[in-house]
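A.B. asks: Okay, so here is start_29.tsv, and as you'll see once you scroll down, it has TSV, C-alpha atoms and all ligand atoms.
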```
chain	number	residue	atom	x	y	z
A	16	MET	CA	26.37	38.78	0.46
A	17	LYS	CA	24.47	36.82	-2.14
A	18	ALA	CA	20.91	38.03	-2.72
A	19	THR	CA	18.22	35.48	-2.10
A	20	GLN	CA	14.70	35.44	-3.34
A	21	THR	CA	12.01	33.61	-1.49
A	22	ASN	CA	9.77	31.17	-3.27
A	23	LEU	CA	6.21	32.03	-2.35
A	24	PHE	CA	5.21	28.38	-2.08
A	25	GLU	CA	8.26	26.66	-0.66
A	26	GLY	CA	9.51	29.43	1.55
A	27	SER	CA	13.06	28.34	0.75
A	28	PRO	CA	15.79	30.41	-0.88
A	29	ARG	CA	15.69	30.37	-4.63
A	30	LEU	CA	18.51	28.46	-6.18
A	31	GLN	CA	20.42	30.12	-8.93
A	32	MET	CA	21.07	28.30	-12.18
A	33	ASN	CA	24.72	27.60	-11.45
A	34	ASP	CA	23.82	26.34	-7.98
A	35	SER	CA	21.31	23.96	-9.54
A	36	ILE	CA	23.94	22.58	-11.90
A	37	GLU	CA	26.47	22.34	-9.08
A	38	LEU	CA	24.07	20.34	-6.92
A	39	THR	CA	23.41	18.01	-9.86
A	40	ILE	CA	27.16	17.49	-10.24
A	41	GLN	CA	27.47	16.72	-6.54
A	42	SER	CA	24.66	14.18	-6.59
A	43	ILE	CA	26.20	12.44	-9.60
A	44	LEU	CA	29.65	12.47	-8.03
A	45	ALA	CA	28.22	10.95	-4.85
A	46	TYR	CA	26.34	8.08	-6.47
A	47	GLY	CA	27.44	7.73	-10.10
A	48	PRO	CA	30.88	6.15	-9.58
A	49	ARG	CA	29.27	3.24	-7.70
A	50	TYR	CA	27.86	1.98	-11.01
A	51	LYS	CA	29.66	1.04	-14.21
A	52	HIS	CA	26.57	1.41	-16.34
A	53	TRP	CA	24.12	4.28	-16.38
A	54	CYS	CA	20.91	4.70	-18.30
A	55	MET	CA	18.48	7.55	-18.62
A	56	ALA	CA	14.72	7.27	-19.05
A	57	TRP	CA	13.81	9.96	-21.55
A	58	SER	CA	10.18	10.80	-22.30
A	59	GLY	CA	10.96	13.74	-24.58
A	60	GLY	CA	9.31	16.15	-22.13
A	61	LYS	CA	10.99	19.20	-20.63
A	62	ASP	CA	12.38	17.60	-17.48
A	63	SER	CA	13.84	14.45	-18.97
A	64	THR	CA	15.22	16.37	-21.97
A	65	THR	CA	16.95	18.67	-19.52
A	66	LEU	CA	18.33	15.65	-17.70
A	67	VAL	CA	19.64	13.91	-20.82
A	68	THR	CA	21.29	16.95	-22.40
A	69	LEU	CA	22.68	18.17	-19.09
A	70	ILE	CA	24.24	14.85	-18.15
A	71	VAL	CA	25.74	14.39	-21.60
A	72	TRP	CA	27.20	17.90	-21.47
A	73	LEU	CA	28.56	17.34	-17.95
A	74	ILE	CA	30.28	14.17	-19.13
A	75	LYS	CA	31.59	15.60	-22.40
A	76	SER	CA	32.94	18.70	-20.65
A	77	GLY	CA	34.70	16.58	-18.06
A	78	ARG	CA	32.69	17.89	-15.11
A	79	ILE	CA	31.59	14.41	-14.14
A	80	PRO	CA	33.41	11.17	-14.94
A	81	ALA	CA	31.95	9.07	-17.75
A	82	PRO	CA	30.52	5.69	-16.79
A	83	GLN	CA	31.67	2.62	-18.69
A	84	THR	CA	28.42	2.72	-20.68
A	85	LEU	CA	25.65	5.26	-20.96
A	86	THR	CA	22.35	4.28	-22.55
A	87	VAL	CA	19.50	6.67	-23.26
A	88	MET	CA	16.11	4.97	-23.39
A	89	TYR	CA	13.64	7.11	-25.32
A	90	ALA	CA	10.06	6.23	-24.44
A	91	ASP	CA	7.91	6.54	-27.54
A	92	THR	CA	4.25	6.15	-26.61
A	93	ARG	CA	3.18	7.00	-30.21
A	94	LEU	CA	1.13	9.76	-28.59
A	95	GLU	CA	3.79	12.37	-28.02
A	96	LEU	CA	2.92	16.00	-28.55
A	97	THR	CA	4.02	16.50	-32.17
A	98	PRO	CA	6.76	19.14	-31.73
A	99	LEU	CA	8.17	17.21	-28.76
A	100	PHE	CA	8.39	14.16	-30.98
A	101	PHE	CA	10.16	16.12	-33.73
A	102	ALA	CA	12.55	17.66	-31.21
A	103	ALA	CA	13.29	14.23	-29.74
A	104	GLN	CA	14.19	12.90	-33.20
A	105	GLU	CA	16.69	15.71	-33.69
A	106	ILE	CA	18.19	15.39	-30.23
A	107	MET	CA	18.45	11.64	-30.78
A	108	GLU	CA	20.53	12.28	-33.90
A	109	GLU	CA	22.74	14.67	-31.98
A	110	LEU	CA	23.26	12.13	-29.21
A	111	ARG	CA	24.18	9.45	-31.73
A	112	GLU	CA	26.70	11.80	-33.32
A	113	LEU	CA	28.30	11.92	-29.89
A	114	PHE	CA	28.38	8.09	-29.90
A	115	ILE	CA	25.74	7.84	-27.17
A	116	GLU	CA	23.61	4.74	-27.45
A	117	VAL	CA	19.93	5.65	-27.78
A	118	ARG	CA	17.29	2.93	-27.69
A	119	THR	CA	13.68	3.65	-28.61
A	120	VAL	CA	11.32	1.98	-26.20
A	121	MET	CA	7.83	1.30	-27.53
A	122	ALA	CA	5.00	-1.04	-26.60
A	123	PRO	CA	4.58	-4.01	-28.94
A	124	LEU	CA	2.19	-3.45	-31.83
A	125	GLU	CA	-0.83	-5.09	-30.19
A	126	LYS	CA	-0.44	-3.19	-26.91
A	127	ARG	CA	-0.15	0.37	-28.18
A	128	PHE	CA	-2.83	2.85	-27.17
A	129	MET	CA	-4.67	3.02	-30.48
A	130	THR	CA	-4.20	-0.57	-31.62
A	131	TYR	CA	-5.47	-1.82	-28.26
A	132	ILE	CA	-8.60	0.32	-28.50
A	133	LEU	CA	-9.34	0.14	-32.22
A	134	GLY	CA	-8.09	-3.39	-32.85
A	135	ARG	CA	-8.87	-5.35	-29.71
A	136	GLY	CA	-11.79	-3.14	-28.75
A	137	VAL	CA	-10.71	-2.26	-25.21
A	138	PRO	CA	-12.37	1.01	-24.16
A	139	PRO	CA	-10.21	4.11	-23.67
A	140	PRO	CA	-8.90	4.42	-20.10
A	141	ASN	CA	-10.63	6.61	-17.56
A	142	ASN	CA	-9.88	7.99	-14.13
A	143	ASN	CA	-12.30	5.88	-12.20
A	144	THR	CA	-12.16	2.21	-12.89
A	145	PHE	CA	-10.01	1.37	-15.78
A	146	ARG	CA	-6.63	2.92	-16.29
A	147	TRP	CA	-4.57	0.49	-18.29
A	148	CYS	CA	-2.48	2.85	-20.40
A	149	THR	CA	0.35	4.04	-18.15
A	150	ARG	CA	1.49	0.55	-17.35
A	151	GLN	CA	0.97	-0.78	-20.83
A	152	ILE	CA	2.46	1.96	-22.99
A	153	LYS	CA	5.01	3.43	-20.59
A	154	ILE	CA	6.03	1.25	-17.67
A	155	ASP	CA	6.05	-2.27	-19.10
A	156	PRO	CA	8.04	-1.41	-22.25
A	157	MET	CA	10.59	0.50	-20.14
A	158	ARG	CA	10.85	-2.38	-17.67
A	159	MET	CA	11.39	-4.86	-20.50
A	160	GLU	CA	14.11	-2.70	-22.04
A	161	LEU	CA	15.71	-2.39	-18.65
A	162	GLU	CA	15.69	-6.17	-18.29
A	163	ARG	CA	17.40	-6.39	-21.67
A	164	LEU	CA	19.97	-3.80	-20.60
A	165	PHE	CA	20.57	-5.67	-17.35
A	166	ARG	CA	21.19	-8.87	-19.33
A	167	ASP	CA	23.50	-7.02	-21.77
A	168	ARG	CA	25.53	-5.40	-19.01
A	169	GLY	CA	25.45	-8.31	-16.61
A	170	GLU	CA	24.89	-6.14	-13.55
A	171	LYS	CA	22.69	-3.57	-11.89
A	172	VAL	CA	22.56	-0.22	-13.68
A	173	LEU	CA	22.00	3.28	-12.38
A	174	MET	CA	18.81	4.71	-13.85
A	175	LEU	CA	18.77	8.51	-13.94
A	176	THR	CA	15.33	10.07	-14.14
A	177	GLY	CA	14.14	13.63	-14.74
A	178	VAL	CA	11.92	13.72	-11.65
A	179	ARG	CA	11.80	17.16	-10.08
A	180	GLN	CA	10.24	18.32	-6.86
A	181	GLY	CA	7.09	20.37	-7.41
A	182	GLU	CA	7.57	24.08	-6.85
A	183	SER	CA	4.20	24.63	-5.35
A	184	ALA	CA	1.45	22.83	-3.61
A	185	ILE	CA	-0.89	24.08	-6.31
A	186	ARG	CA	1.07	22.51	-9.12
A	187	ASP	CA	1.50	19.24	-7.28
A	188	GLN	CA	-2.19	19.08	-6.68
A	189	ARG	CA	-2.88	19.58	-10.37
A	190	ILE	CA	-0.49	16.85	-11.41
A	191	MET	CA	-1.95	14.45	-8.91
A	192	MET	CA	-5.42	15.02	-10.23
A	193	SER	CA	-4.60	14.69	-13.89
A	194	CYS	CA	-2.11	11.95	-14.45
A	195	GLY	CA	0.26	11.08	-11.71
A	196	LYS	CA	1.35	8.89	-8.91
A	197	ASP	CA	2.35	10.38	-5.59
A	198	GLY	CA	2.65	13.77	-7.16
A	199	ALA	CA	4.80	12.71	-10.11
A	200	GLU	CA	3.88	13.20	-13.73
A	201	CYS	CA	2.75	10.23	-15.76
A	202	GLY	CA	6.09	9.00	-17.00
A	203	GLN	CA	9.12	10.12	-15.08
A	204	GLY	CA	7.66	9.59	-11.63
A	205	TRP	CA	6.41	6.20	-12.59
A	206	TYR	CA	9.82	5.19	-13.86
A	207	GLN	CA	11.30	6.34	-10.60
A	208	GLU	CA	8.87	4.32	-8.55
A	209	THR	CA	8.13	1.24	-10.58
A	210	MET	CA	11.40	0.06	-12.03
A	211	PRO	CA	12.48	-3.17	-10.28
A	212	GLU	CA	15.15	-2.64	-7.65
A	213	ALA	CA	16.86	-5.86	-8.66
A	214	LEU	CA	17.71	-4.38	-12.06
A	215	CYS	CA	18.52	-0.79	-11.23
A	216	ASP	CA	18.82	1.89	-8.62
A	217	THR	CA	17.29	5.22	-9.49
A	218	LEU	CA	18.68	8.67	-9.00
A	219	ALA	CA	16.96	11.98	-9.77
A	220	PRO	CA	19.85	14.42	-10.27
A	221	ILE	CA	17.64	17.39	-11.16
A	222	LEU	CA	15.23	16.85	-8.28
A	223	HIS	CA	16.00	20.32	-6.94
A	224	TRP	CA	15.71	22.16	-10.28
A	225	ARG	CA	13.13	24.92	-10.45
A	226	VAL	CA	11.00	25.04	-13.57
A	227	CYS	CA	12.48	28.42	-14.59
A	228	HIS	CA	15.90	26.79	-14.66
A	229	VAL	CA	14.57	24.02	-16.85
A	230	TRP	CA	13.29	26.59	-19.36
A	231	GLU	CA	16.53	28.54	-19.10
A	232	TRP	CA	18.54	25.40	-19.84
A	233	LEU	CA	16.37	24.29	-22.76
A	234	LYS	CA	15.96	27.69	-24.38
A	235	HIS	CA	19.25	29.44	-23.76
A	236	TRP	CA	21.99	27.18	-22.46
A	237	ALA	CA	21.79	23.76	-24.12
A	238	PRO	CA	21.47	25.21	-27.68
A	239	LEU	CA	24.84	26.98	-27.28
A	240	PRO	CA	27.92	25.14	-28.62
A	241	GLU	CA	29.67	25.44	-25.25
A	242	TYR	CA	26.76	23.64	-23.54
A	243	GLY	CA	26.29	20.87	-26.05
A	244	ASP	CA	24.65	22.52	-29.08
A	245	PHE	CA	21.41	20.60	-28.62
A	246	SER	CA	18.09	21.23	-30.38
A	247	THR	CA	16.27	21.77	-27.11
A	248	ALA	CA	14.69	25.15	-27.89
A	249	MET	CA	11.86	23.39	-29.72
A	250	VAL	CA	11.04	21.48	-26.53
A	251	ALA	CA	10.53	24.73	-24.64
A	252	ASP	CA	8.64	26.12	-27.60
A	253	ALA	CA	6.26	23.16	-27.56
A	254	TYR	CA	5.21	24.13	-24.06
A	255	GLY	CA	4.24	27.64	-24.99
A	256	GLY	CA	7.24	29.54	-26.29
A	257	ASP	CA	7.92	32.75	-24.42
A	258	GLU	CA	4.93	32.18	-22.18
A	259	ALA	CA	6.15	28.76	-21.11
A	260	GLU	CA	7.30	29.95	-17.70
A	261	GLU	CA	3.87	31.24	-16.85
A	262	ILE	CA	1.96	28.36	-18.35
A	263	ASN	CA	4.19	25.75	-16.70
A	264	ALA	CA	2.18	23.15	-18.57
A	265	ARG	CA	2.61	19.45	-18.15
A	266	THR	CA	2.36	17.22	-21.16
A	267	GLY	CA	1.34	13.63	-21.31
A	268	CYS	CA	-0.05	11.85	-24.30
A	269	ILE	CA	-1.92	13.90	-26.88
A	270	ALA	CA	-5.62	13.83	-25.95
A	271	CYS	CA	-4.99	11.91	-22.71
A	272	PRO	CA	-8.49	10.74	-21.75
A	273	LEU	CA	-7.62	11.19	-18.08
A	274	ALA	CA	-6.77	14.86	-18.25
A	275	SER	CA	-9.75	17.18	-18.10
A	276	LYS	CA	-8.22	19.52	-20.69
A	277	ASP	CA	-5.67	19.24	-23.48
A	278	THR	CA	-3.78	22.27	-22.19
A	279	ALA	CA	-0.50	21.61	-23.98
A	280	LEU	CA	-2.22	21.01	-27.31
A	281	ASP	CA	-4.53	24.01	-26.82
A	282	ASN	CA	-1.53	26.28	-26.23
A	283	LEU	CA	0.33	24.78	-29.13
A	284	VAL	CA	-2.27	25.26	-31.83
A	285	LYS	CA	-2.80	28.88	-30.84
A	286	ARG	CA	0.56	29.62	-32.45
A	287	PRO	CA	0.65	30.03	-36.26
A	288	THR	CA	3.51	27.52	-36.71
A	289	TRP	CA	1.51	24.72	-35.18
A	290	ALA	CA	-2.04	25.79	-36.03
A	291	TYR	CA	-2.18	23.13	-38.75
A	292	LEU	CA	-2.26	20.51	-35.96
A	293	SER	CA	-5.62	21.74	-34.62
A	294	PRO	CA	-7.55	18.73	-36.00
A	295	LEU	CA	-5.79	16.79	-33.19
A	296	LYS	CA	-8.26	18.45	-30.83
A	297	ARG	CA	-10.92	16.13	-32.23
A	298	LEU	CA	-9.18	13.10	-30.70
A	299	LYS	CA	-10.33	13.69	-27.14
A	300	PRO	CA	-14.04	13.83	-28.04
A	301	ILE	CA	-13.60	10.55	-29.96
A	302	TRP	CA	-12.27	8.82	-26.85
A	303	ARG	CA	-15.12	10.31	-24.81
A	304	GLU	CA	-17.66	9.05	-27.32
A	305	MET	CA	-16.13	5.58	-27.29
A	306	ARG	CA	-16.96	5.22	-23.61
A	307	LEU	CA	-20.70	5.74	-24.15
A	308	PRO	CA	-22.92	2.68	-23.58
A	309	GLN	CA	-24.24	2.57	-27.14
A	310	ASN	CA	-20.71	2.06	-28.45
A	311	ARG	CA	-19.94	-0.83	-26.10
A	312	LEU	CA	-21.20	-4.26	-25.22
A	313	ARG	CA	-22.72	-5.12	-21.86
A	314	LYS	CA	-22.92	-8.40	-19.98
A	315	THR	CA	-26.50	-9.54	-19.41
A	316	GLY	CA	-25.60	-10.71	-15.89
A	317	LYS	CA	-27.07	-14.15	-16.51
A	318	ASP	CA	-23.61	-15.70	-16.77
A	319	THR	CA	-23.16	-17.66	-13.52
A	320	THR	CA	-19.35	-17.81	-13.65
A	321	THR	CA	-18.96	-14.35	-12.15
A	322	ASP	CA	-20.75	-12.54	-9.39
A	323	LYS	CA	-18.74	-9.35	-9.54
A	324	ASN	CA	-20.09	-6.49	-11.57
A	325	LYS	CA	-22.45	-8.81	-13.39
A	326	GLN	CA	-23.80	-6.32	-15.87
A	327	ARG	CA	-20.61	-4.47	-16.59
A	328	LEU	CA	-20.02	-2.45	-19.71
A	329	GLY	CA	-17.27	-3.89	-21.84
A	330	PRO	CA	-15.51	-3.60	-25.18
A	331	LEU	CA	-16.22	-1.42	-28.17
A	332	THR	CA	-18.54	-2.71	-30.83
A	333	MET	CA	-17.00	-3.34	-34.25
A	334	GLU	CA	-19.02	-0.39	-35.61
A	335	ALA	CA	-17.63	1.92	-32.94
A	336	ARG	CA	-14.06	0.78	-33.65
A	337	ARG	CA	-14.54	1.41	-37.37
A	338	TYR	CA	-16.10	4.78	-36.73
A	339	ALA	CA	-13.24	5.89	-34.46
A	340	TYR	CA	-10.62	4.51	-36.86
A	341	ASN	CA	-12.08	6.43	-39.80
A	342	ALA	CA	-12.35	9.60	-37.73
A	343	ILE	CA	-8.70	9.29	-36.69
A	344	MET	CA	-7.53	8.60	-40.23
A	345	ALA	CA	-9.50	11.66	-41.36
A	346	ILE	CA	-7.65	13.78	-38.76
A	347	GLN	CA	-4.32	12.42	-39.96
A	348	GLU	CA	-5.14	13.08	-43.60
A	349	GLU	CA	-6.44	16.57	-42.91
A	350	ILE	CA	-3.30	17.55	-41.01
A	351	ASN	CA	-0.96	16.08	-43.57
A	352	ARG	CA	-2.73	17.73	-46.52
A	353	GLU	CA	-2.17	21.08	-44.84
A	354	ALA	CA	1.37	20.11	-43.76
A	355	ILE	CA	2.34	19.44	-47.36
A	356	ILE	CA	0.84	22.73	-48.55
A	357	GLN	CA	2.68	24.65	-45.81
A	358	GLY	CA	5.91	22.65	-46.07
A	359	LYS	CA	5.59	21.49	-42.44
A	360	PRO	CA	6.31	18.06	-40.92
A	361	THR	CA	3.57	15.45	-41.31
A	362	VAL	CA	2.14	13.34	-38.46
A	363	THR	CA	1.52	9.61	-38.24
A	364	LEU	CA	-1.24	8.81	-35.79
A	365	LEU	CA	-1.57	5.32	-37.23
A	366	ASN	CA	1.25	3.96	-39.35
A	367	GLN	CA	0.73	1.33	-42.03
A	368	GLU	CA	1.65	-1.54	-39.73
A	369	GLU	CA	-0.83	-0.33	-37.11
A	370	GLN	CA	-3.57	0.17	-39.69
A	371	ASP	CA	-3.03	-3.37	-41.00
A	372	PHE	CA	-3.03	-4.79	-37.50
A	373	ILE	CA	-6.31	-3.09	-36.60
A	374	GLN	CA	-8.04	-4.21	-39.78
A	375	ASN	CA	-6.78	-7.71	-39.26
A	376	CYS	CA	-8.29	-7.74	-35.75
A	377	TRP	CA	-11.66	-6.86	-37.27
A	378	LYS	CA	-11.32	-9.62	-39.84
A	379	GLN	CA	-10.40	-12.12	-37.13
A	380	ASN	CA	-13.31	-10.89	-34.95
A	381	VAL	CA	-10.97	-10.16	-32.01
A	382	TRP	CA	-12.55	-9.41	-28.62
A	383	PRO	CA	-11.00	-8.93	-25.18
A	384	ASN	CA	-10.96	-11.97	-22.86
A	385	LYS	CA	-14.36	-13.22	-21.72
A	386	TRP	CA	-16.22	-11.38	-24.51
A	387	ASP	CA	-17.24	-12.80	-27.89
A	388	GLY	CA	-19.24	-10.08	-29.56
A	389	THR	CA	-22.63	-11.73	-29.03
A	390	GLU	CA	-23.42	-9.59	-25.99
A	391	PRO	CA	-26.02	-6.80	-26.36
A	392	THR	CA	-24.91	-3.18	-26.56
A	393	GLY	CA	-24.86	-1.10	-23.41
A	394	ASP	CA	-27.92	0.96	-24.31
A	395	VAL	CA	-30.26	-2.05	-24.50
A	396	LEU	CA	-32.70	-2.17	-21.59
A	397	MET	CA	-32.42	-5.42	-19.69
A	398	ASP	CA	-33.47	-7.10	-16.45
A	399	THR	CA	-31.33	-6.10	-13.46
A	400	VAL	CA	-29.29	-8.99	-12.09
A	401	TYR	CA	-27.97	-8.64	-8.54
A	402	ALA	CA	-24.74	-10.10	-7.17
A	403	ASP	CA	-26.67	-12.94	-5.47
A	404	GLY	CA	-28.21	-13.88	-8.82
A	405	SER	CA	-31.70	-12.51	-8.09
A	406	ILE	CA	-33.35	-10.76	-11.01
A	407	GLN	CA	-35.43	-7.63	-11.12
A	408	PRO	CA	-37.33	-7.73	-14.42
A	409	ILE	CA	-37.65	-4.58	-16.53
A	410	ILE	CA	-40.81	-2.76	-15.60
A	411	ASN	CA	-42.73	-2.43	-18.83
A	412	PHE	CA	-44.90	0.66	-18.49
A	413	GLY	CA	-46.54	-0.11	-21.82
A	414	ASP	CA	-48.51	-3.10	-20.48
B	1	LIG	S1	-0.64	10.57	-20.31
B	1	LIG	FE1	-2.76	9.84	-20.14
B	1	LIG	S2	-3.07	8.48	-21.90
B	1	LIG	FE2	-0.85	8.74	-21.61
B	1	LIG	S3	-0.26	7.02	-20.33
B	1	LIG	FE3	-0.63	8.76	-18.96
B	1	LIG	S4	-2.78	8.51	-18.34
B	1	LIG	FE4	-2.46	7.22	-20.15
```
Can you present the structure in this file as structure tokens?
C.D. replies:
Amino acid sequence: MKATQTNLFEGSPRLQMNDSIELTIQSILAYGPRYKHWCMAWSGGKDSTTLVTLIVWLIKSGRIPAPQTLTVMYADTRLELTPLFFAAQEIMEELRELFIEVRTVMAPLEKRFMTYILGRGVPPPNNNTFRWCTRQIKIDPMRMELERLFRDRGEKVLMLTGVRQGESAIRDQRIMMSCGKDGAECGQGWYQETMPEALCDTLAPILHWRVCHVWEWLKHWAPLPEYGDFSTAMVADAYGGDEAEEINARTGCIACPLASKDTALDNLVKRPTWAYLSPLKRLKPIWREMRLPQNRLRKTGKDTTTDKNKQRLGPLTMEARRYAYNAIMAIQEEINREAIIQGKPTVTLLNQEEQDFIQNCWKQNVWPNKWDGTEPTGDVLMDTVYADGSIQPIINFGD
């Protein structure tokens, strides 16, 4: 009889690696043939990299029938954890060598995380009131690419996502708190839930995969020639190398302002190979600083066109944008100086096009809608204006 091991959290028998793969095959065989065109949303993280390399191997080895077309859509937020980005570039090459179409999906220049903050002056997102980033840098670009794919193919496509079921209530809770929707990580889960049904149906063929199988696939199976010869080991390495199984870290954007800690980056820079990236740890404090009142404008409340949140804090001052820009460029330069000395890959936090765009916004005096830069900064004391328009003057204790 086959030995079973009970998962402490799920209380269900532990699936073995081959069983996991077999179940994936069955789910593809059940739904895949209904669609001529498949696509895969690939964030470069551990789950979606497992999905992409596994599906390609299953097709190439004849274990599942190939669709008429297969398109891999790589989501580049411009904020990927550096080694994940490098690994994705290599895997992308390998996929192209296999004649798989890979499209890079990126937000337009003016909507990217850093250009939006440093150019337009929109404050960094936070957990409470203002979370614009997921939709803008992940969901909308993917939806637009999917619309393009739908037009190219002329019919509904099957979108495969790397969504997995959480292994434990504890982990699910953590994901929900940091960056997720209904328990799914920022990225894959959102693709699963937000892509329009008119354009695609979604299937999560590795839903049942345990995290240890994901590591096993990335570290030991996929790099072997008989399983595809993919450069996936670096993906596992980015999550913590040999300790990855214990750490079980999630990754989102580098320095995600919504996560309380930069766990993935912290683990990464502890290792000598990646220690030269430690200046990236200064990004998160920059975003935190940018949300402070003195770095932002505030409505006086005397504007009668709105009665909601009359004295709200708004965009970043030009000085704050310049300060953050210079600090980020200093991080980039510091890392790349060391990278060149050590013969390691360099990073591009802001490329030339993005730098030009940001500086142009400053020259053009660009402000978000309903702001023009004449408002006082958020640290200036002012009369309190209530929703009904009544005013409570500042109490001047000096008189
Ligand atoms: S990982 Fe963080 S910064 Fe990136 S899209 Fe998600 S919430 Fe926004």
A.B. asks: Leaving out Leu292 in chain A and any residue of its chain fewer than 2 positions from it, which residues lie within 12 Å of it when counting all atoms listed in the file, given as number ranges by chain?
C.D. replies: A: 96-98, 269, 280-290, 294-298, 346-354, 357, 359-364
A.B. asks: Using only C-alpha atoms, I'd like a table of the residues in range 91-195 of chain A that come within 10 Å of range 325-335 of chain A; for each, show the closest atom pair and its distance in Å rounded to one decimal, ordered by chain and ascending number, as JSON lines.
C.D. replies:
```
{"residue": "A:Ile132", "atom": "CA", "partner": "A:Leu331", "partner_atom": "CA", "distance": 7.8}
{"residue": "A:Leu133", "atom": "CA", "partner": "A:Leu331", "partner_atom": "CA", "distance": 8.1}
{"residue": "A:Gly134", "atom": "CA", "partner": "A:Met333", "partner_atom": "CA", "distance": 9.0}
{"residue": "A:Arg135", "atom": "CA", "partner": "A:Pro330", "partner_atom": "CA", "distance": 8.2}
{"residue": "A:Gly136", "atom": "CA", "partner": "A:Leu331", "partner_atom": "CA", "distance": 4.8}
{"residue": "A:Val137", "atom": "CA", "partner": "A:Pro330", "partner_atom": "CA", "distance": 5.0}
{"residue": "A:Pro138", "atom": "CA", "partner": "A:Pro330", "partner_atom": "CA", "distance": 5.7}
{"residue": "A:Pro139", "atom": "CA", "partner": "A:Leu331", "partner_atom": "CA", "distance": 9.3}
```
A.B. asks: Leaving out His228 in chain A and any residue of its chain fewer than 3 positions from it, which residues lie within 8 Å of it when counting only C-alpha atoms, given as a list in words?
C.D. replies: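 Near neighbours after the sequence-gap exclusion: Met32, Ser35, Trp224, Arg225, Glu231 and Trp232 of chain A.
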A.B. asks: Hey, which of A:Gln41, A:Thr149, A:Thr92, A:Asn375 ends up closest to ligand LIG 1 (chain B)? Count all atoms listed in the file.
C.D. replies: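 When distances to ligand LIG 1 (chain B) are compared using all atoms listed in the file, the smallest one comes from A:Thr149.
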A.B. asks: Excluding Asp167 in chain A and any residue of its chain fewer than 6 positions from it, enumerate the residues within 12 Å of it, using all atoms listed in the file, and give them as a list in words.
C.D. replies: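 Within the cut-off, the hits are His52, Thr84, Thr86, Glu160, Leu161 and Leu214 of chain A.
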A.B. asks: Just give me the gap between CA of Lys314 in chain A and CA of Arg127 in chain A in Å, one decimal is fine.
C.D. replies: 25.7 Å
